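Colleague: So that you have it, the file is run04.cif, and it contains mmCIF, C-alpha atoms and all ligand atoms:
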data_upload
#
loop_
_atom_site.label_atom_id
_atom_site.label_comp_id
_atom_site.auth_asym_id
_atom_site.auth_seq_id
_atom_site.Cartn_x
_atom_site.Cartn_y
_atom_site.Cartn_z
CA THR A 1 0.00 0.00 0.00
CA MET A 2 1.06 3.58 -0.40
CA ALA A 3 -1.02 4.59 2.62
CA ALA A 4 1.80 6.11 4.64
CA ALA A 5 3.25 7.91 1.66
CA SER A 6 0.09 9.32 0.12
CA SER A 7 -1.22 10.61 3.46
CA ASN A 8 1.51 13.24 3.32
CA SER A 9 0.64 16.04 0.92
CA ASN A 10 4.19 17.40 1.01
CA GLN A 11 5.82 14.38 -0.60
CA MET A 12 9.51 14.51 -1.22
CA LYS A 13 10.86 12.48 -4.09
CA TYR A 14 14.53 12.01 -4.72
CA SER A 15 14.48 10.69 -8.23
CA ALA A 16 14.67 13.21 -11.06
CA GLU A 17 12.20 11.06 -12.99
CA ASN A 18 9.96 11.21 -9.95
CA ASP A 19 9.83 7.46 -9.68
CA GLY A 20 10.63 5.34 -6.66
CA LEU A 21 9.17 5.80 -3.21
CA PRO A 22 8.89 9.23 -1.62
CA ARG A 23 11.50 9.99 1.01
CA ASP A 24 8.93 9.71 3.78
CA ALA A 25 7.71 6.27 2.69
CA LYS A 26 7.35 3.84 5.55
CA ILE A 27 10.22 1.34 5.44
CA GLY A 28 10.04 -1.74 7.64
CA ILE A 29 13.04 -3.90 8.50
CA LEU A 30 12.73 -7.38 9.94
CA GLY A 31 15.48 -7.54 12.53
CA GLY A 32 17.18 -4.70 14.41
CA GLY A 33 20.69 -5.97 15.14
CA GLN A 34 23.91 -4.30 14.06
CA LEU A 35 23.05 -4.46 10.35
CA GLY A 36 19.67 -2.84 11.03
CA ARG A 37 21.47 -0.26 13.16
CA MET A 38 23.86 0.68 10.36
CA LEU A 39 20.95 0.80 7.86
CA ALA A 40 19.11 3.17 10.19
CA ILE A 41 22.18 5.36 10.63
CA ALA A 42 22.64 5.50 6.84
CA GLY A 43 19.02 6.53 6.34
CA ALA A 44 19.17 9.47 8.75
CA PRO A 45 21.18 11.95 6.62
CA MET A 46 18.83 11.28 3.69
CA GLY A 47 15.82 12.03 5.86
CA VAL A 48 14.76 8.40 5.67
CA ARG A 49 13.37 6.93 8.89
CA LEU A 50 13.22 3.22 9.46
CA ASN A 51 10.97 0.98 11.51
CA VAL A 52 12.37 -2.28 12.81
CA LEU A 53 10.75 -5.40 14.22
CA ASP A 54 13.00 -6.96 16.85
CA PRO A 55 12.31 -8.81 20.11
CA THR A 56 15.30 -7.38 22.02
CA GLU A 57 14.26 -5.52 25.16
CA PRO A 58 14.57 -2.84 26.35
CA SER A 59 15.89 -1.82 22.93
CA CYS A 60 17.70 -3.37 19.97
CA PRO A 61 20.90 -1.97 18.39
CA ALA A 62 18.93 -0.40 15.50
CA SER A 63 16.76 1.64 17.85
CA ILE A 64 19.49 4.28 18.00
CA ALA A 65 18.06 5.69 14.75
CA ALA A 66 14.96 3.59 14.03
CA GLU A 67 11.54 3.16 15.55
CA GLN A 68 11.45 -0.31 17.17
CA THR A 69 8.40 -2.51 17.42
CA ILE A 70 9.06 -5.21 20.00
CA GLY A 71 8.29 -8.57 18.45
CA SER A 72 9.88 -11.50 16.67
CA PHE A 73 10.68 -11.43 12.96
CA ARG A 74 10.12 -15.21 13.13
CA ASP A 75 6.52 -14.80 14.35
CA LYS A 76 4.08 -14.63 11.43
CA ALA A 77 1.39 -12.69 13.29
CA ALA A 78 3.95 -10.17 14.54
CA VAL A 79 5.35 -9.67 11.03
CA LEU A 80 1.90 -9.15 9.50
CA GLU A 81 0.91 -6.64 12.16
CA PHE A 82 4.22 -4.75 11.94
CA ALA A 83 4.21 -4.55 8.14
CA LYS A 84 0.59 -3.69 7.50
CA ASP A 85 1.14 0.02 6.89
CA CYS A 86 4.65 -0.25 5.42
CA ASP A 87 5.35 0.77 1.82
CA VAL A 88 8.34 -1.54 1.57
CA VAL A 89 9.60 -4.29 3.85
CA THR A 90 13.16 -5.60 3.87
CA VAL A 91 15.34 -7.76 6.10
CA GLU A 92 18.62 -7.55 7.96
CA ILE A 93 18.58 -11.31 8.59
CA GLU A 94 17.47 -14.08 6.22
CA HIS A 95 16.15 -16.40 8.92
CA ILE A 96 12.61 -15.03 8.71
CA ASP A 97 9.18 -16.51 8.05
CA CYS A 98 8.82 -16.41 4.26
CA ASP A 99 5.14 -17.47 4.38
CA ALA A 100 4.45 -14.24 6.24
CA LEU A 101 6.27 -12.33 3.49
CA ASP A 102 4.20 -14.06 0.77
CA GLU A 103 1.12 -12.86 2.58
CA LEU A 104 2.45 -9.31 2.69
CA VAL A 105 2.95 -9.36 -1.08
CA LYS A 106 -0.63 -10.63 -1.50
CA ASN A 107 -1.74 -7.68 0.59
CA GLY A 108 0.00 -5.31 -1.81
CA ILE A 109 3.07 -4.56 0.31
CA ASP A 110 6.38 -4.40 -1.52
CA VAL A 111 8.95 -6.86 -0.11
CA GLN A 112 12.59 -6.48 -1.24
CA PRO A 113 14.42 -8.67 -2.01
CA THR A 114 11.38 -10.78 -2.97
CA PRO A 115 10.15 -13.62 -0.73
CA LYS A 116 11.12 -16.10 -3.46
CA THR A 117 14.74 -14.90 -3.36
CA LEU A 118 14.81 -14.90 0.45
CA ARG A 119 13.33 -18.42 0.56
CA THR A 120 15.99 -19.75 -1.82
CA ILE A 121 18.89 -18.11 -0.01
CA GLN A 122 17.80 -18.93 3.56
CA ASP A 123 18.15 -22.65 2.73
CA LYS A 124 21.84 -23.10 1.88
CA TYR A 125 21.11 -26.31 -0.04
CA ALA A 126 18.34 -24.69 -2.11
CA GLN A 127 20.75 -21.80 -2.71
CA LYS A 128 23.39 -24.20 -4.10
CA VAL A 129 20.82 -25.95 -6.33
CA HIS A 130 19.75 -22.53 -7.62
CA PHE A 131 23.34 -21.57 -8.42
CA ARG A 132 24.00 -24.90 -10.14
CA ASP A 133 20.85 -24.43 -12.24
CA ASN A 134 22.00 -20.91 -13.17
CA ASN A 135 25.57 -21.88 -14.09
CA VAL A 136 27.17 -19.96 -11.22
CA LYS A 137 30.54 -21.47 -10.35
CA ILE A 138 30.31 -23.52 -7.11
CA GLY A 139 31.98 -26.61 -5.70
CA PRO A 140 30.36 -30.07 -5.67
CA PHE A 141 27.64 -30.66 -3.05
CA MET A 142 25.04 -33.30 -2.27
CA ASP A 143 21.84 -33.65 -0.26
CA VAL A 144 22.38 -35.82 2.84
CA PRO A 145 18.97 -36.88 4.15
CA ASP A 146 20.19 -40.15 5.71
CA GLU A 147 23.07 -42.52 6.45
CA ALA A 148 23.06 -44.05 2.95
CA GLN A 149 23.39 -40.66 1.27
CA LEU A 150 26.11 -39.68 3.71
CA GLN A 151 28.05 -42.73 2.55
CA ASN A 152 27.45 -41.67 -1.07
CA ALA A 153 28.84 -38.23 -0.24
CA VAL A 154 31.92 -39.78 1.36
CA ASN A 155 32.45 -41.98 -1.70
CA ALA A 156 32.05 -39.02 -4.05
CA PHE A 157 33.94 -36.30 -2.11
CA GLY A 158 36.33 -38.13 0.26
CA PHE A 159 37.77 -36.52 3.42
CA PRO A 160 37.83 -34.01 4.90
CA LEU A 161 34.07 -33.78 4.31
CA MET A 162 32.17 -30.58 5.05
CA LEU A 163 28.69 -31.21 6.50
CA LYS A 164 26.36 -28.25 6.70
CA SER A 165 22.93 -27.47 8.11
CA LYS A 166 20.62 -26.28 5.37
CA ARG A 167 18.94 -23.70 7.56
CA LEU A 168 19.57 -21.15 10.33
CA ALA A 169 23.34 -21.15 9.81
CA TYR A 170 25.65 -18.27 10.71
CA ASP A 171 29.25 -17.82 11.90
CA GLY A 172 29.96 -21.46 11.08
CA ARG A 173 27.44 -22.62 13.68
CA GLY A 174 25.81 -24.94 11.15
CA ASN A 175 29.04 -26.53 9.88
CA ALA A 176 30.88 -29.68 10.94
CA VAL A 177 33.99 -31.13 9.36
CA ALA A 178 34.60 -34.90 9.34
CA LYS A 179 38.30 -35.56 8.89
CA THR A 180 37.90 -39.33 8.85
CA ALA A 181 35.08 -41.89 8.79
CA SER A 182 35.18 -42.08 12.59
CA ASP A 183 34.16 -38.38 12.81
CA LEU A 184 30.97 -38.80 10.76
CA ASP A 185 28.59 -39.80 13.57
CA ASN A 186 29.69 -36.92 15.77
CA ALA A 187 29.50 -34.45 12.89
CA VAL A 188 25.90 -35.44 12.16
CA LYS A 189 25.01 -35.34 15.86
CA SER A 190 26.64 -31.96 16.43
CA LEU A 191 24.37 -30.48 13.75
CA GLY A 192 21.25 -31.97 15.34
CA GLY A 193 20.85 -35.13 13.24
CA PHE A 194 19.66 -35.86 9.70
CA ASP A 195 16.08 -34.77 10.44
CA THR A 196 17.14 -31.13 10.88
CA GLY A 197 18.16 -31.03 7.19
CA LEU A 198 21.81 -31.56 6.26
CA TYR A 199 23.86 -31.51 3.07
CA ALA A 200 27.52 -32.16 2.26
CA GLU A 201 30.09 -30.11 0.37
CA LYS A 202 33.29 -31.34 -1.12
CA TRP A 203 36.22 -29.79 0.77
CA VAL A 204 37.47 -26.72 -1.12
CA PRO A 205 41.24 -26.33 -0.72
CA PHE A 206 41.10 -22.57 -1.10
CA GLU A 207 44.11 -20.31 -0.99
CA ARG A 208 42.17 -17.23 0.09
CA GLU A 209 38.63 -16.14 0.79
CA LEU A 210 37.25 -13.16 -1.09
CA ALA A 211 33.96 -11.29 -0.82
CA VAL A 212 32.08 -8.89 -3.05
CA MET A 213 29.04 -6.79 -2.17
CA VAL A 214 26.62 -6.58 -5.08
CA ALA A 215 23.59 -4.30 -5.39
CA ARG A 216 20.58 -5.11 -7.53
CA SER A 217 18.09 -2.41 -8.51
CA LYS A 218 14.37 -2.96 -9.00
CA SER A 219 14.92 -2.93 -12.74
CA GLY A 220 17.62 -5.63 -12.47
CA GLU A 221 20.70 -3.43 -12.85
CA VAL A 222 23.59 -5.05 -10.96
CA VAL A 223 26.68 -3.24 -9.62
CA ALA A 224 29.64 -4.70 -7.74
CA TYR A 225 31.76 -3.20 -4.97
CA PRO A 226 35.52 -3.76 -4.93
CA VAL A 227 36.72 -7.27 -4.08
CA VAL A 228 37.84 -7.69 -0.48
CA GLU A 229 39.88 -10.42 1.13
CA THR A 230 38.29 -11.92 4.23
CA VAL A 231 40.14 -13.76 6.97
CA HIS A 232 38.11 -16.05 9.22
CA GLU A 233 39.00 -17.25 12.73
CA ASP A 234 37.02 -20.23 14.00
CA ASN A 235 34.56 -19.79 11.10
CA ILE A 236 33.81 -16.17 12.07
CA CYS A 237 34.88 -13.30 9.85
CA ASP A 238 37.75 -11.63 11.69
CA THR A 239 39.39 -9.14 9.33
CA THR A 240 38.72 -7.78 5.84
CA PHE A 241 41.19 -6.10 3.49
CA ALA A 242 40.04 -3.78 0.71
CA PRO A 243 40.97 -3.91 -2.06
CA ALA A 244 41.91 -7.60 -2.10
CA MET A 245 45.59 -8.22 -2.82
CA ILE A 246 44.97 -9.86 -6.19
CA SER A 247 45.54 -8.81 -9.79
CA ASN A 248 43.01 -6.60 -11.59
CA ARG A 249 42.24 -9.49 -13.85
CA MET A 250 41.39 -11.77 -10.92
CA ALA A 251 39.38 -9.01 -9.25
CA GLU A 252 37.31 -8.63 -12.39
CA LYS A 253 36.82 -12.38 -12.47
CA ALA A 254 35.63 -12.44 -8.85
CA GLN A 255 33.26 -9.52 -9.51
CA ALA A 256 31.91 -11.31 -12.57
CA VAL A 257 31.12 -14.46 -10.56
CA ALA A 258 29.47 -12.38 -7.83
CA LYS A 259 27.42 -10.35 -10.32
CA SER A 260 26.30 -13.46 -12.19
CA ALA A 261 25.13 -14.94 -8.87
CA ILE A 262 23.06 -11.91 -7.89
CA ALA A 263 21.72 -11.31 -11.40
CA SER A 264 20.17 -14.79 -11.14
CA PHE A 265 17.80 -13.63 -8.38
CA GLU A 266 14.82 -11.33 -8.47
CA GLY A 267 14.22 -8.36 -6.23
CA ALA A 268 16.17 -5.32 -5.14
CA GLY A 269 18.76 -4.80 -2.44
CA ILE A 270 22.34 -5.33 -1.42
CA PHE A 271 23.77 -8.85 -1.34
CA GLY A 272 26.99 -10.20 0.17
CA VAL A 273 28.80 -12.81 -1.91
CA GLU A 274 31.46 -15.02 -0.31
CA LEU A 275 34.01 -16.57 -2.67
CA PHE A 276 36.91 -19.00 -2.60
CA LEU A 277 40.09 -18.36 -4.59
CA LEU A 278 41.68 -21.73 -5.26
CA GLU A 279 45.36 -22.62 -5.01
CA ASP A 280 45.80 -22.37 -8.78
CA GLY A 281 45.32 -18.61 -8.34
CA GLU A 282 42.83 -18.72 -11.22
CA THR A 283 39.65 -20.46 -10.12
CA VAL A 284 36.98 -18.54 -8.24
CA LEU A 285 34.11 -20.51 -6.68
CA LEU A 286 31.11 -19.10 -4.86
CA ASN A 287 30.76 -20.21 -1.21
CA GLU A 288 27.44 -18.62 -0.29
CA CYS A 289 25.55 -15.36 -0.51
CA ALA A 290 23.43 -13.30 1.85
CA PRO A 291 20.39 -11.22 0.79
CA ARG A 292 21.28 -8.20 2.96
CA PRO A 293 24.14 -6.00 4.11
CA HIS A 294 27.08 -8.18 5.09
CA ASN A 295 29.99 -8.14 7.52
CA SER A 296 32.44 -8.10 4.61
CA GLY A 297 30.88 -4.80 3.49
CA HIS A 298 31.24 -2.86 6.76
CA TYR A 299 34.33 -1.18 5.33
CA THR A 300 32.16 0.57 2.72
CA ILE A 301 30.89 3.03 5.38
CA GLU A 302 34.24 4.81 5.54
CA ALA A 303 35.89 3.61 2.34
CA CYS A 304 33.36 3.86 -0.52
CA ASN A 305 31.44 6.67 -2.18
CA CYS A 306 28.14 4.99 -1.26
CA SER A 307 28.07 2.59 1.70
CA GLN A 308 26.42 -0.81 1.42
CA TYR A 309 23.73 0.49 3.79
CA GLU A 310 22.85 3.59 1.79
CA MET A 311 22.99 1.42 -1.34
CA HIS A 312 20.43 -1.00 0.11
CA LEU A 313 18.02 1.82 0.98
CA ARG A 314 18.39 3.32 -2.51
CA ALA A 315 17.75 -0.10 -4.09
CA ILE A 316 14.64 -1.01 -2.10
CA CYS A 317 13.16 2.48 -2.53
CA GLY A 318 13.58 2.27 -6.30
CA TRP A 319 16.06 5.17 -6.37
CA PRO A 320 19.18 5.33 -8.55
CA LEU A 321 21.97 3.11 -7.23
CA GLY A 322 25.00 4.86 -5.74
CA ASP A 323 28.66 4.67 -6.69
CA PRO A 324 30.36 1.64 -5.08
CA GLN A 325 33.95 2.74 -5.81
CA LEU A 326 36.61 3.19 -3.13
CA LYS A 327 37.22 6.82 -2.17
CA VAL A 328 40.40 5.90 -0.26
CA GLY A 329 43.45 3.88 -1.18
CA GLY A 330 42.63 0.99 1.10
CA SER A 331 40.78 -0.14 4.20
CA VAL A 332 41.01 -2.78 6.92
CA MET A 333 38.04 -3.88 9.03
CA LYS A 334 38.44 -5.83 12.27
CA ASN A 335 35.50 -7.43 14.06
CA ILE A 336 35.44 -7.05 17.82
CA LEU A 337 34.16 -10.18 19.53
CA GLY A 338 33.16 -10.32 23.16
CA ASP A 339 35.95 -11.65 25.34
CA GLY A 340 33.68 -12.63 28.19
CA ASP A 341 30.04 -12.54 29.23
CA GLY A 342 28.72 -9.13 30.19
CA GLU A 343 30.13 -5.69 29.47
CA LYS A 344 32.46 -5.73 32.50
CA ALA A 345 34.27 -8.70 30.97
CA MET A 346 34.96 -6.79 27.74
CA THR A 347 38.37 -5.57 28.84
CA LYS A 348 40.19 -6.44 25.61
CA CYS A 349 37.38 -4.96 23.49
CA HIS A 350 37.51 -1.71 25.42
CA ARG A 351 41.29 -1.53 25.22
CA ILE A 352 41.26 -1.98 21.45
CA MET A 353 38.41 0.48 20.93
CA GLY A 354 40.17 3.01 23.17
CA LYS A 355 43.37 2.60 21.22
CA ALA A 356 41.51 3.09 17.93
CA LEU A 357 40.39 6.53 19.12
CA THR A 358 44.05 7.63 19.11
CA VAL A 359 44.83 6.49 15.56
CA PRO A 360 44.12 8.71 12.51
CA GLY A 361 41.88 7.14 9.89
CA ALA A 362 40.33 4.73 12.41
CA SER A 363 36.60 4.58 13.16
CA VAL A 364 34.93 2.63 15.94
CA HIS A 365 31.49 1.04 15.78
CA TRP A 366 29.97 -0.25 19.03
CA TYR A 367 26.69 -2.06 18.49
CA GLU A 368 25.13 -1.43 21.91
CA LYS A 369 23.82 -4.96 22.23
CA PRO A 370 21.99 -5.13 25.56
CA GLU A 371 23.54 -8.53 26.18
CA VAL A 372 27.18 -8.93 25.23
CA LYS A 373 28.64 -12.42 25.20
CA LYS A 374 31.91 -14.20 24.66
CA ALA A 375 32.75 -14.75 20.96
CA ARG A 376 29.74 -12.68 19.82
CA LYS A 377 30.18 -9.65 17.59
CA VAL A 378 29.95 -6.55 19.79
CA GLY A 379 31.48 -4.00 17.42
CA HIS A 380 34.03 -3.40 14.71
CA ILE A 381 36.84 -1.02 13.81
CA THR A 382 37.64 0.24 10.33
CA THR A 383 40.85 1.94 9.26
CA VAL A 384 41.32 3.76 5.96
CA GLY A 385 44.50 5.07 4.38
CA ALA A 386 46.00 6.53 1.24
CA SER A 387 47.00 2.92 0.48
CA LEU A 388 46.01 -0.50 1.80
CA ASN A 389 49.46 -0.59 3.35
CA GLU A 390 48.75 2.54 5.38
CA ALA A 391 45.35 1.17 6.47
CA LYS A 392 47.13 -2.02 7.59
CA GLU A 393 49.76 -0.05 9.52
CA ARG A 394 47.01 1.84 11.29
CA MET A 395 45.14 -1.35 12.19
CA SER A 396 48.39 -2.92 13.34
CA GLU A 397 48.92 0.00 15.71
CA ILE A 398 45.48 -0.70 17.22
CA THR A 399 45.45 -4.48 17.49
CA GLY A 400 49.16 -5.25 17.67
CA ASP A 401 48.63 -7.86 14.95
CA ASP A 402 50.94 -8.16 11.97
CA TYR A 403 49.17 -7.63 8.65
CA ASN A 404 52.13 -8.28 6.43
CA VAL A 405 52.75 -4.59 5.88
CA GLN A 406 55.03 -4.03 2.88
CA PRO A 407 58.18 -2.05 3.77
P1 LIG B 501 28.32 -16.89 7.68
O1 LIG B 501 28.49 -16.32 9.05
O2 LIG B 501 29.27 -16.30 6.66
O3 LIG B 501 26.90 -16.95 7.20
P2 LIG B 501 28.09 -19.78 7.67
O4 LIG B 501 27.77 -20.27 9.04
O5 LIG B 501 26.99 -19.72 6.69
O6 LIG B 501 28.86 -18.41 7.78
P3 LIG B 501 29.92 -20.88 5.69
O7 LIG B 501 30.11 -19.60 5.00
O8 LIG B 501 29.21 -21.97 4.96
O9 LIG B 501 29.26 -20.73 7.14
O10 LIG B 501 31.35 -21.47 6.13
C1 LIG B 501 32.14 -20.79 7.09
C2 LIG B 501 33.59 -20.90 6.69
O11 LIG B 501 33.97 -22.28 6.61
C3 LIG B 501 33.90 -20.36 5.31
O12 LIG B 501 34.07 -18.95 5.35
C4 LIG B 501 35.17 -21.10 4.97
O13 LIG B 501 36.28 -20.59 5.68
C5 LIG B 501 34.88 -22.49 5.53
N1 LIG B 501 34.24 -23.37 4.52
C6 LIG B 501 32.94 -23.38 4.16
N2 LIG B 501 32.66 -24.30 3.22
C7 LIG B 501 33.83 -24.91 2.95
C8 LIG B 501 34.24 -25.98 2.07
N3 LIG B 501 33.35 -26.60 1.27
N4 LIG B 501 35.56 -26.33 2.07
C9 LIG B 501 36.46 -25.73 2.89
N5 LIG B 501 36.13 -24.73 3.74
C10 LIG B 501 34.86 -24.32 3.79
MG MG B 502 26.05 -18.12 5.90
MG MG B 503 29.71 -17.67 5.22
#
Now that the file is in, can you turn its structure into structure tokens?
Ligand code: ATP
Ligand code: MG
Ligand code: MG
Modeller:
Amino acid sequence: TMAAASSNSNQMKYSAENDGLPRDAKIGILGGGQLGRMLAIAGAPMGVRLNVLDPTEPSCPASIAAEQTIGSFRDKAAVLEFAKDCDVVTVEIEHIDCDALDELVKNGIDVQPTPKTLRTIQDKYAQKVHFRDNNVKIGPFMDVPDEAQLQNAVNAFGFPLMLKSKRLAYDGRGNAVAKTASDLDNAVKSLGGFDTGLYAEKWVPFERELAVMVARSKSGEVVAYPVVETVHEDNICDTTFAPAMISNRMAEKAQAVAKSAIASFEGAGIFGVELFLLEDGETVLLNECAPRPHNSGHYTIEACNCSQYEMHLRAICGWPLGDPQLKVGGSVMKNILGDGDGEKAMTKCHRIMGKALTVPGASVHWYEKPEVKKARKVGHITTVGASLNEAKERMSEITGDDYNVQP
């Protein structure tokens, strides 16, 4: 419906062609964590106000700049009630009730990206099938509904074997690696058993992990951000380097794979695409994608002409896409994970954040999660510099880590 928009006689439109939603359209976001928070912050300078549905009490991270409705984005009734007077509804997490979103579309509410796209991506196996059907480059994978199929996967892929949960995965929490046949039972058990929905992937002996943010407009235009290199610790993204330390030719190749993946979906928004660069230095395979802003795109806030968050708002409102290019020479992003339970236990986090305040070109982001826990993302730091080398030096000064700075 355009109820919220048309009730305002003084409509403000941003597009020269006067298309797209008015600036004061009602935008609803399912989920109000750190990604919702950064979306809300990006909307503020444009005069765009967001509404988020999130169960966190007393307030979720996004509530710093968004109106929060307390409720679960997994609860169909809560989603329908929250979205009923929204002009467009989007997500900051893909683990949402897609049946509720189908109903919203039936009721004339715009949902971006579309429920069909969200449904495909939220099931990592369905996502892989989709990519295979659309000739996007991925590694071998196989459905594993039972013991017999698990044996087939072992026969086809060998060890180590990567077992993954189809649904509700994040930060590696749905992955289990079996190094030998004797690990298989435990791997299946650790993921909750066959009945929860498992599939297997052939082990990818990657040399590096890359990521590319890609935006898709309502008309299907697709633009790619620079390629970044991501470094994971215990399956959680730890550091990103932009631009990735690869040749222009390889960067173009990675962007092409990422764009082909996102062009295969319908609906508007920003997508994060995770890639593997194989040991041959030539082959790029897609790992997975996310239908929303992504950790590997945090650096875009300080480092690009249009951040991934502003880009997402432009895309879902039907406005012209922004410019994804770097406006600095390079950037490093470091995730800050809780080093204990409760804010008092966050001594290392606080020390690193405090240090960042003394370093030029460094920006701190604290997510204000009401409950901070060990190994959970509580914030991040971004450094920028005239070169990637300078951004690395600055991050090194903050964390004490060695980023292979070139002399
Ligand atoms: P995210 O938080 O990015 O959503 P996730 O829980 O969905 O993570 P994946 O991206 O599937 O997990 O895997 C996490 C990490 O495990 C990858 O970034 C990569 O380092 C490693 N990994 C995943 N699949 C494979 C594979 N087939 N072979 C080797 N390593 C893999
Ligand atoms: Mg994932
Ligand atoms: Mg991943």
Colleague: Which is closest to A:His298 among A:Leu35, A:Ile96, A:Ala261, A:Val52, if we use only C-alpha atoms?
Modeller: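 When distances to A:His298 are compared using only C-alpha atoms, the smallest one comes from A:Leu35.
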Colleague: What is the atom CA of A:Ala391 to atom CA of A:Met333 distance in Å?
Modeller: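 Atom CA of A:Ala391 sits 9.2 Å away from atom CA of A:Met333.
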Colleague: Would you name the residues within 9 Å of ligand MG 503 (chain B), counting all atoms listed in the file, and put them as a PyMOL selection string?
Modeller: chain A and resi 169-172+235-237+273-274+287-290
Colleague: Take atom CA of A:Ser307 and atom CA of A:Pro324 and report the distance between them in Å, one decimal.
Modeller: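 Interatomic distance, atom CA of A:Ser307 to atom CA of A:Pro324: 7.2 Å.
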Colleague: At what distance in Å, to one decimal, does atom CA of A:Val188 lie from atom O9 of ligand LIG 501 (chain B)?
Modeller: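 Distance between the two atoms: 15.9 Å.
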Colleague: Mind checking which residues fall within 7 Å of stretch 277-279 of chain A, counting only C-alpha atoms, ignoring those fewer than 3 positions away in the same chain, and posting them as number ranges by chain?
Modeller: A: 205-210, 282-285
Colleague: Can you list every residue of stretch 238-313 of chain A that has an atom at most 12 Å from stretch 338-362 of chain A, with its nearest atom pair and the distance in Å to one decimal, using only C-alpha atoms, ordered by chain then number, as a tab-separated table?
Modeller:
residue	atom	partner	partner_atom	distance
A:Tyr299	CA	A:Ala362	CA	11.0
A:Ile301	CA	A:Ala362	CA	11.9
A:Glu302	CA	A:Gly361	CA	9.1
A:Ala303	CA	A:Gly361	CA	10.3
Colleague: Got a sec: who's within 12 Å of A:Lys179, counting only C-alpha atoms, leaving out chain neighbours fewer than 6 positions off, as number ranges by chain?
Modeller: A: 154, 157-163, 185-187, 202-203
Colleague: Given only C-alpha atoms and all ligand atoms as the basis, pick out the residue of A:Gly174, A:Pro291, A:Pro320, A:Pro226 nearest to ligand LIG 501 (chain B).
Modeller: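 Closest candidate: A:Gly174.
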Colleague: Using only C-alpha atoms, which residues sit within 12 Å of A:Ala258 once same-chain residues fewer than 5 positions away are excluded, as a ChimeraX atom specification?
Modeller: /A:131,136-138,210-216,222-227,251-253,263-265,270-276,284-290
Colleague: Using only C-alpha atoms, find all polymer residues with an atom at most 9 Å away from the point (35.9, 1.1, -2.8); report them as a list of chain:residue names.
Modeller: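 All residues meeting the 9 Å criterion around (35.9, 1.1, -2.8) are A:Tyr225, A:Pro226, A:Val227, A:Ala242, A:Pro243, A:Tyr299, A:Thr300, A:Ala303, A:Cys304, A:Asn305, A:Cys306, A:Asp323, A:Pro324, A:Gln325, A:Leu326, A:Lys327, A:Val328, A:Gly329, A:Gly330, A:Ser331.
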Colleague: Using all atoms listed in the file, which residues sit within 6 Å of stretch 121-124 of chain A once same-chain residues fewer than 2 positions away are excluded, as an MDAnalysis selection string?
Modeller: chainID A and resid 94 118:119 126:127 166:167
Colleague: Pick out the residues sitting within 8 Å of A:Phe73, and hand them over as a CSV table (one decimal) with C-alpha atoms, in the frame of the given file; count only C-alpha atoms, and ignore anything fewer than 2 positions along from it in its own chain.
Modeller:
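Contents of the output file part_0.csv:
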chain,number,residue,atom,x,y,z
A,30,LEU,CA,12.7,-7.4,9.9
A,31,GLY,CA,15.5,-7.5,12.5
A,53,LEU,CA,10.8,-5.4,14.2
A,54,ASP,CA,13.0,-7.0,16.8
A,55,PRO,CA,12.3,-8.8,20.1
A,71,GLY,CA,8.3,-8.6,18.4
A,75,ASP,CA,6.5,-14.8,14.4
A,76,LYS,CA,4.1,-14.6,11.4
A,78,ALA,CA,4.0,-10.2,14.5
A,79,VAL,CA,5.4,-9.7,11.0
A,96,ILE,CA,12.6,-15.0,8.7
A,97,ASP,CA,9.2,-16.5,8.0
Colleague: From the options A:Met38, A:Leu198, A:Cys86, A:Val231, which residue's atoms come nearest to ligand LIG 501 (chain B), counting only C-alpha atoms and all ligand atoms?
Modeller: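 For ligand LIG 501 (chain B), the nearest of the given residues is A:Val231.
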